[in-house]
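Raw contents of my_file.cif, mmCIF, C-alpha atoms:
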data_upload
#
loop_
_atom_site.label_atom_id
_atom_site.label_comp_id
_atom_site.auth_asym_id
_atom_site.auth_seq_id
_atom_site.Cartn_x
_atom_site.Cartn_y
_atom_site.Cartn_z
CA MET A 197 11.10 -3.08 -7.86
CA LEU A 198 10.37 -1.07 -4.72
CA PHE A 199 6.89 -0.59 -6.06
CA SER A 200 6.18 -4.28 -6.47
CA ALA A 201 7.89 -5.26 -3.21
CA GLY A 202 5.80 -2.65 -1.41
CA GLY A 203 2.68 -3.93 -3.08
CA VAL A 204 3.31 -7.53 -2.07
CA VAL A 205 4.35 -6.76 1.51
CA SER A 206 1.39 -4.47 2.11
CA ALA A 207 -0.97 -6.99 0.48
CA LEU A 208 0.30 -9.76 2.78
CA LEU A 209 0.47 -7.95 6.12
CA MET A 210 -1.94 -5.04 6.08
CA PRO A 211 -5.28 -6.86 5.85
CA ILE A 212 -4.80 -8.78 9.10
CA LEU A 213 -3.18 -5.86 10.93
CA LEU A 214 -6.04 -3.58 9.94
CA VAL A 215 -8.69 -6.16 10.84
CA LEU A 216 -7.11 -6.57 14.28
CA PHE A 217 -6.07 -3.03 15.21
CA GLY A 218 -8.63 -1.20 13.12
CA LEU A 219 -11.77 -3.18 13.88
CA ALA A 220 -11.49 -6.26 16.12
CA PHE A 221 -9.70 -4.67 19.09
CA PRO A 222 -11.50 -1.28 19.06
CA LEU A 223 -14.89 -2.94 18.68
CA GLY A 224 -14.15 -5.52 21.34
CA TRP A 225 -14.54 -8.57 19.06
CA LEU A 226 -11.19 -9.77 20.37
CA GLN A 227 -9.26 -8.97 23.49
CA PRO A 228 -6.35 -6.68 22.55
CA PRO A 229 -2.90 -7.86 23.58
CA SER A 230 -1.78 -6.72 27.01
CA TYR A 231 0.63 -3.81 27.13
CA GLU A 232 3.48 -5.96 28.41
CA HIS A 233 3.02 -8.55 25.67
CA LEU A 234 2.77 -5.96 22.90
CA ARG A 235 5.79 -4.08 24.17
CA ALA A 236 7.77 -7.31 24.31
CA VAL A 237 6.73 -8.16 20.74
CA LEU A 238 7.59 -4.68 19.47
CA SER A 239 10.97 -4.50 21.13
CA HIS A 240 12.11 -7.72 19.43
CA PRO A 241 14.58 -6.83 16.66
CA LEU A 242 12.84 -9.08 14.15
CA THR A 243 9.48 -7.36 14.70
CA ARG A 244 11.10 -3.97 14.30
CA LEU A 245 12.84 -5.06 11.14
CA VAL A 246 9.67 -6.47 9.62
CA LEU A 247 7.67 -3.38 10.58
CA PHE A 248 10.31 -1.08 9.16
CA GLY A 249 10.35 -3.06 5.93
CA LEU A 250 6.56 -2.92 5.78
CA CYS A 251 6.48 0.84 6.36
CA MET A 252 9.31 1.76 4.03
CA LEU A 253 8.23 -0.48 1.14
CA SER A 254 4.56 0.49 1.49
CA LEU A 255 5.45 4.18 1.49
CA PHE A 256 7.50 3.83 -1.68
CA HIS A 257 4.71 1.81 -3.24
CA TRP A 258 2.35 4.67 -2.38
CA ALA A 259 4.76 7.33 -3.67
CA HIS A 260 5.20 5.71 -7.07
CA ARG A 261 1.57 4.80 -7.56
CA PHE A 262 0.19 8.12 -6.33
CA ARG A 263 2.56 10.07 -8.54
CA HIS A 264 1.37 8.22 -11.62
CA THR A 265 -2.26 8.47 -10.58
CA LEU A 266 -1.89 12.25 -10.40
CA TYR A 267 -0.23 12.34 -13.82
CA ASP A 268 -2.70 10.06 -15.55
CA GLY A 269 -5.75 10.81 -13.45
CA LEU A 270 -5.63 14.56 -13.30
CA GLN A 271 -3.47 15.14 -16.40
CA ILE A 272 -1.10 17.48 -14.59
CA LYS A 273 2.20 16.56 -16.18
CA HIS A 274 3.33 20.16 -15.98
CA LEU A 275 3.66 19.76 -12.20
CA ASN A 276 6.12 16.88 -12.69
CA GLU A 277 8.95 17.95 -10.45
CA VAL A 278 6.75 19.16 -7.61
CA ILE A 279 4.73 15.96 -7.52
CA ALA A 280 7.77 13.71 -7.72
CA ALA A 281 9.47 15.64 -4.93
CA LEU A 282 6.39 15.53 -2.71
CA CYS A 283 5.75 11.82 -3.28
CA TYR A 284 9.24 10.40 -3.01
CA GLY A 285 10.22 13.04 -0.47
CA GLY A 286 7.21 12.07 1.59
CA ALA A 287 8.18 8.42 1.38
CA ILE A 288 11.72 9.21 2.52
CA VAL A 289 10.50 11.35 5.43
CA GLY A 290 7.98 8.66 6.39
CA SER A 291 10.61 5.93 6.28
CA ALA A 292 12.96 8.00 8.43
CA THR A 293 10.13 8.58 10.91
CA ALA A 294 9.40 4.85 10.98
CA ALA A 295 13.08 4.08 11.59
CA TYR A 296 13.24 6.60 14.41
CA LEU A 297 10.05 5.40 16.11
CA LEU A 298 10.99 1.74 15.80
CA TRP A 299 14.49 2.42 17.12
CA GLN A 300 12.95 4.17 20.14
CA VAL A 301 10.87 1.23 21.34
CA PRO A 302 12.13 0.51 24.88
CA MET B 63 10.37 20.26 -71.16
CA SER B 64 9.11 20.00 -67.57
CA GLU B 65 11.60 20.42 -64.80
CA THR B 66 11.74 17.95 -61.96
CA HIS B 67 10.02 19.32 -58.92
CA ALA B 68 11.06 18.58 -55.39
CA TYR B 69 8.10 17.40 -53.43
CA THR B 70 8.01 17.23 -49.67
CA ASP B 71 6.44 14.08 -48.19
CA TYR B 72 2.81 14.41 -47.27
CA HIS B 73 2.84 14.15 -43.49
CA PRO B 74 -0.39 15.01 -41.75
CA ARG B 75 -0.23 16.28 -38.18
CA TRP B 76 -1.05 13.65 -35.58
CA LEU B 77 -4.57 13.87 -34.33
CA ARG B 78 -4.40 14.51 -30.61
CA ARG B 79 -7.72 15.05 -28.95
CA PRO B 80 -7.31 16.94 -25.69
CA VAL B 81 -8.07 14.60 -22.80
CA SER B 82 -10.49 15.81 -20.18
CA THR B 83 -9.33 15.89 -16.57
CA TYR B 84 -12.40 13.79 -15.79
CA TRP B 85 -11.71 11.06 -18.39
CA TRP B 86 -11.80 8.48 -15.62
CA LEU B 87 -15.45 9.14 -14.93
CA HIS B 88 -16.51 8.33 -18.49
CA GLN B 89 -16.43 4.56 -18.20
CA ARG B 90 -16.82 2.08 -15.37
CA SER B 91 -13.54 0.32 -16.19
CA TYR B 92 -11.65 3.63 -16.07
CA PHE B 93 -13.25 4.45 -12.72
CA VAL B 94 -12.37 1.06 -11.25
CA PHE B 95 -8.80 1.52 -12.49
CA ILE B 96 -8.46 4.86 -10.69
CA LEU B 97 -10.06 3.34 -7.60
CA ARG B 98 -7.42 0.62 -7.66
CA GLU B 99 -4.63 3.12 -7.98
CA ALA B 100 -6.18 5.26 -5.22
CA SER B 101 -6.00 2.28 -2.85
CA CYS B 102 -2.35 3.26 -2.36
CA ILE B 103 -3.53 6.28 -0.34
CA PHE B 104 -5.02 3.92 2.22
CA VAL B 105 -1.81 1.86 2.23
CA ALA B 106 -0.04 5.05 3.32
CA TRP B 107 -2.73 5.68 5.97
CA VAL B 108 -2.20 2.22 7.47
CA VAL B 109 1.53 2.98 7.73
CA VAL B 110 0.73 6.17 9.64
CA TYR B 111 -1.78 4.34 11.85
CA LEU B 112 0.70 1.56 12.68
CA LEU B 113 3.41 4.08 13.52
CA MET B 114 0.98 5.87 15.84
CA LEU B 115 0.42 2.52 17.55
CA VAL B 116 4.18 1.93 17.86
CA ARG B 117 4.66 5.38 19.34
CA SER B 118 1.86 4.88 21.87
CA VAL B 119 3.40 1.58 23.02
CA SER B 120 6.84 3.20 23.30
CA GLU B 121 5.47 5.90 25.55
CA SER B 122 3.50 4.16 28.26
CA GLU B 123 0.65 1.81 29.06
CA VAL B 124 -1.67 4.78 29.51
CA SER B 125 -0.77 6.03 26.09
CA TYR B 126 -1.44 2.58 24.59
CA LEU B 127 -4.85 2.42 26.22
CA GLN B 128 -5.57 5.93 24.98
CA PHE B 129 -4.67 4.82 21.48
CA LEU B 130 -7.06 1.86 21.74
CA ARG B 131 -9.81 4.19 22.95
CA TRP B 132 -9.10 6.66 20.16
CA SER B 133 -9.16 3.86 17.61
CA ALA B 134 -12.69 3.06 18.79
CA SER B 135 -13.99 6.56 18.07
CA PRO B 136 -16.58 6.63 15.24
CA LEU B 137 -14.54 8.65 12.72
CA VAL B 138 -11.44 6.52 13.12
CA LEU B 139 -13.51 3.34 12.92
CA LEU B 140 -15.15 4.57 9.74
CA LEU B 141 -11.79 5.52 8.25
CA ASN B 142 -10.37 2.12 9.09
CA LEU B 143 -13.43 0.34 7.71
CA VAL B 144 -13.05 2.21 4.42
CA SER B 145 -9.31 1.55 4.51
CA LEU B 146 -9.92 -2.15 5.00
CA PHE B 147 -12.11 -2.21 1.90
CA PHE B 148 -9.37 -0.52 -0.11
CA ILE B 149 -6.58 -2.66 1.35
CA VAL B 150 -8.47 -5.85 0.52
CA PHE B 151 -9.19 -4.42 -2.94
CA HIS B 152 -5.47 -3.68 -3.30
CA THR B 153 -4.58 -7.23 -2.23
CA ILE B 154 -7.00 -8.88 -4.65
CA THR B 155 -6.07 -6.71 -7.62
CA PHE B 156 -2.36 -7.02 -6.91
CA PHE B 157 -2.61 -10.79 -6.71
CA GLN B 158 -4.57 -10.73 -9.96
CA ALA B 159 -1.69 -8.95 -11.66
CA ALA B 160 1.09 -10.96 -10.02
CA PRO B 161 0.93 -14.03 -12.33
CA GLN B 162 1.31 -11.75 -15.32
CA ALA B 163 4.24 -9.91 -13.81
CA MET B 164 6.02 -12.91 -12.30
CA VAL B 165 7.20 -15.45 -14.84
CA VAL B 166 8.51 -18.41 -12.86
CA HIS B 167 10.33 -21.31 -14.48
CA VAL B 168 10.84 -24.60 -12.70
CA GLY B 169 12.92 -27.16 -14.52
CA GLY B 170 12.35 -26.24 -18.12
CA SER B 171 8.70 -25.29 -18.01
CA ARG B 172 6.80 -22.27 -16.87
CA VAL B 173 4.72 -22.39 -13.69
CA PRO B 174 1.07 -21.76 -14.62
CA GLY B 175 -0.26 -18.34 -13.65
CA ARG B 176 -3.00 -19.80 -11.49
CA LEU B 177 -0.41 -21.51 -9.29
CA VAL B 178 1.46 -18.24 -8.83
CA GLY B 179 -1.81 -16.62 -7.77
CA ILE B 180 -2.64 -19.45 -5.37
CA ALA B 181 0.86 -19.22 -3.88
CA HIS B 182 0.26 -15.52 -3.17
CA TYR B 183 -3.01 -16.26 -1.37
CA ALA B 184 -1.32 -19.05 0.59
CA GLY B 185 1.29 -16.48 1.59
CA LEU B 186 -1.49 -14.16 2.74
CA VAL B 187 -3.01 -16.89 4.93
CA ALA B 188 0.41 -17.83 6.32
CA ALA B 189 1.37 -14.20 7.05
CA SER B 190 -1.99 -13.51 8.70
CA GLY B 191 -1.68 -16.65 10.79
CA ALA B 192 1.82 -15.67 11.89
CA VAL B 193 0.64 -12.18 12.92
CA VAL B 194 -2.29 -13.58 14.92
CA TRP B 195 -0.01 -16.14 16.58
CA VAL B 196 2.57 -13.51 17.56
CA LEU B 197 0.02 -10.97 18.79
CA LEU B 198 -2.56 -13.17 20.44
CA GLY B 199 -0.53 -16.27 21.18
CA VAL B 200 -3.15 -18.60 19.65
#
Written as structure tokens, how would this file's structure read?
Amino acid sequence: MLFSAGGVVSALLMPILLVLFGLAFPLGWLQPPSYEHLRAVLSHPLTRLVLFGLCMLSLFHWAHRFRHTLYDGLQIKHLNEVIAALCYGGAIVGSATAAYLLWQVP
Amino acid sequence: MSETHAYTDYHPRWLRRPVSTYWWLHQRSYFVFILREASCIFVAWVVVYLLMLVRSVSESEVSYLQFLRWSASPLVLLLNLVSLFFIVFHTITFFQAAPQAMVVHVGGSRVPGRLVGIAHYAGLVAASGAVVWVLLGV
């Protein structure tokens, strides 16, 4: 369930966020939001909640999918426990980091 | 007279051909499948990138401007361009699979798969519009 939720959320939000912050703003196609505006947007609890959801669900989507890609792709089932720990552990650490950073927004 | 003999069932061993580690390079469809699964790596990268943005905004205006400048550097631009390809690929392939995974019943009948797919794309347009409206105020 986490896998599919992460897939849907990342599919809905990441394209536009990446187009804006990955290409349009750096390349000057669009004027990036002013610092004050962006800070105001980020400090809103709803934004933080949505961003946290996006980060956490996407990370678990990655963890599950990457784990199975390693199994099936590289045929390394004998490294089961290590891979599972690294993937889901990574997702947990990433989610905790996201929570911390989003909590810290002034 | 002949005695009865106990026979064991004839049970051949299963034929298991060892699978090469590079099985996914043998056919185009296998390769595309692995490419689709690998798109999740770029999903994780976008999470990291967004959190870097959040941290830069939390720190100061200078730090935010530095982040914008850094995001314009050639390597980061290239990474994000490649990521965008994979994220869009992820979106399209995920929405392709969604109608098969989501069986929706309204009233007594099943909603056709195409409608489920269209609803997902409508959601994408709506979500993108909302993000642009919040960020750019247009």
Which neighbours of stretch 81-83 of chain B fall inside 8 Å, counting all atoms listed in the file, when residues of the same chain fewer than 6 positions from it are skipped, and could you give them as number ranges by chain? A: 269-271
Give as a PyMOL selection string the residues that the PyMOL selection byres ((chain B) within 6 of (chain A)) matches when applied to the coordinates above. chain B and resi 83+102+106+109+120+123+133-134+142+153+186+190
Write the residues of the selection above to a file with C-alpha atoms, as an mmCIF file, in the frame of the given file.
data_model
loop_
_atom_site.group_PDB
_atom_site.id
_atom_site.type_symbol
_atom_site.label_atom_id
_atom_site.label_comp_id
_atom_site.auth_asym_id
_atom_site.auth_seq_id
_atom_site.Cartn_x
_atom_site.Cartn_y
_atom_site.Cartn_z
ATOM 1 C CA THR B 83 -9.330 15.890 -16.570
ATOM 2 C CA CYS B 102 -2.350 3.260 -2.360
ATOM 3 C CA ALA B 106 -0.040 5.050 3.320
ATOM 4 C CA VAL B 109 1.530 2.980 7.730
ATOM 5 C CA SER B 120 6.840 3.200 23.300
ATOM 6 C CA GLU B 123 0.650 1.810 29.060
ATOM 7 C CA SER B 133 -9.160 3.860 17.610
ATOM 8 C CA ALA B 134 -12.690 3.060 18.790
ATOM 9 C CA ASN B 142 -10.370 2.120 9.090
ATOM 10 C CA THR B 153 -4.580 -7.230 -2.230
ATOM 11 C CA LEU B 186 -1.490 -14.160 2.740
ATOM 12 C CA SER B 190 -1.990 -13.510 8.700
#
What is the atom CA of B:Ile149 to atom CA of B:Trp107 distance in Å?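 Computed distance, atom CA of B:Ile149 to atom CA of B:Trp107, equals 10.3 Å.
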Distance in Å - atom CA of B:Pro161 versus atom CA of B:Leu143: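 Taking atom CA of B:Pro161 as the start and atom CA of B:Leu143 as the end point, the length is 28.5 Å.
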Could you tell me which residues the PyMOL selection byres ((chain B and resi 86) around 10) grabs in this file, written as a compact mmCIF listing (two decimals) with C-alpha atoms, keeping the file's coordinate frame?
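Saved result, result-v5.txt, follows:
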# COMPACT_ATOMS: atom_id res chain seq x y z
CA ASP A 268 -2.70 10.06 -15.55
CA GLY A 269 -5.75 10.81 -13.45
CA LEU A 270 -5.63 14.56 -13.30
CA SER B 82 -10.49 15.81 -20.18
CA THR B 83 -9.33 15.89 -16.57
CA TYR B 84 -12.40 13.79 -15.79
CA TRP B 85 -11.71 11.06 -18.39
CA LEU B 87 -15.45 9.14 -14.93
CA HIS B 88 -16.51 8.33 -18.49
CA GLN B 89 -16.43 4.56 -18.20
CA ARG B 90 -16.82 2.08 -15.37
CA SER B 91 -13.54 0.32 -16.19
CA TYR B 92 -11.65 3.63 -16.07
CA PHE B 93 -13.25 4.45 -12.72
CA VAL B 94 -12.37 1.06 -11.25
CA PHE B 95 -8.80 1.52 -12.49
CA ILE B 96 -8.46 4.86 -10.69
CA LEU B 97 -10.06 3.34 -7.60
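Here atom CA of B:Tyr111 stands at a distance of 11.5 Å from atom CA of B:Leu130.
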Mind listing as a ChimeraX atom specification all residues within 12 Å of (-8.8, -8.1, -8.4), counting all atoms listed in the file? /A:207 /B:94-95,97-99,148-160,179
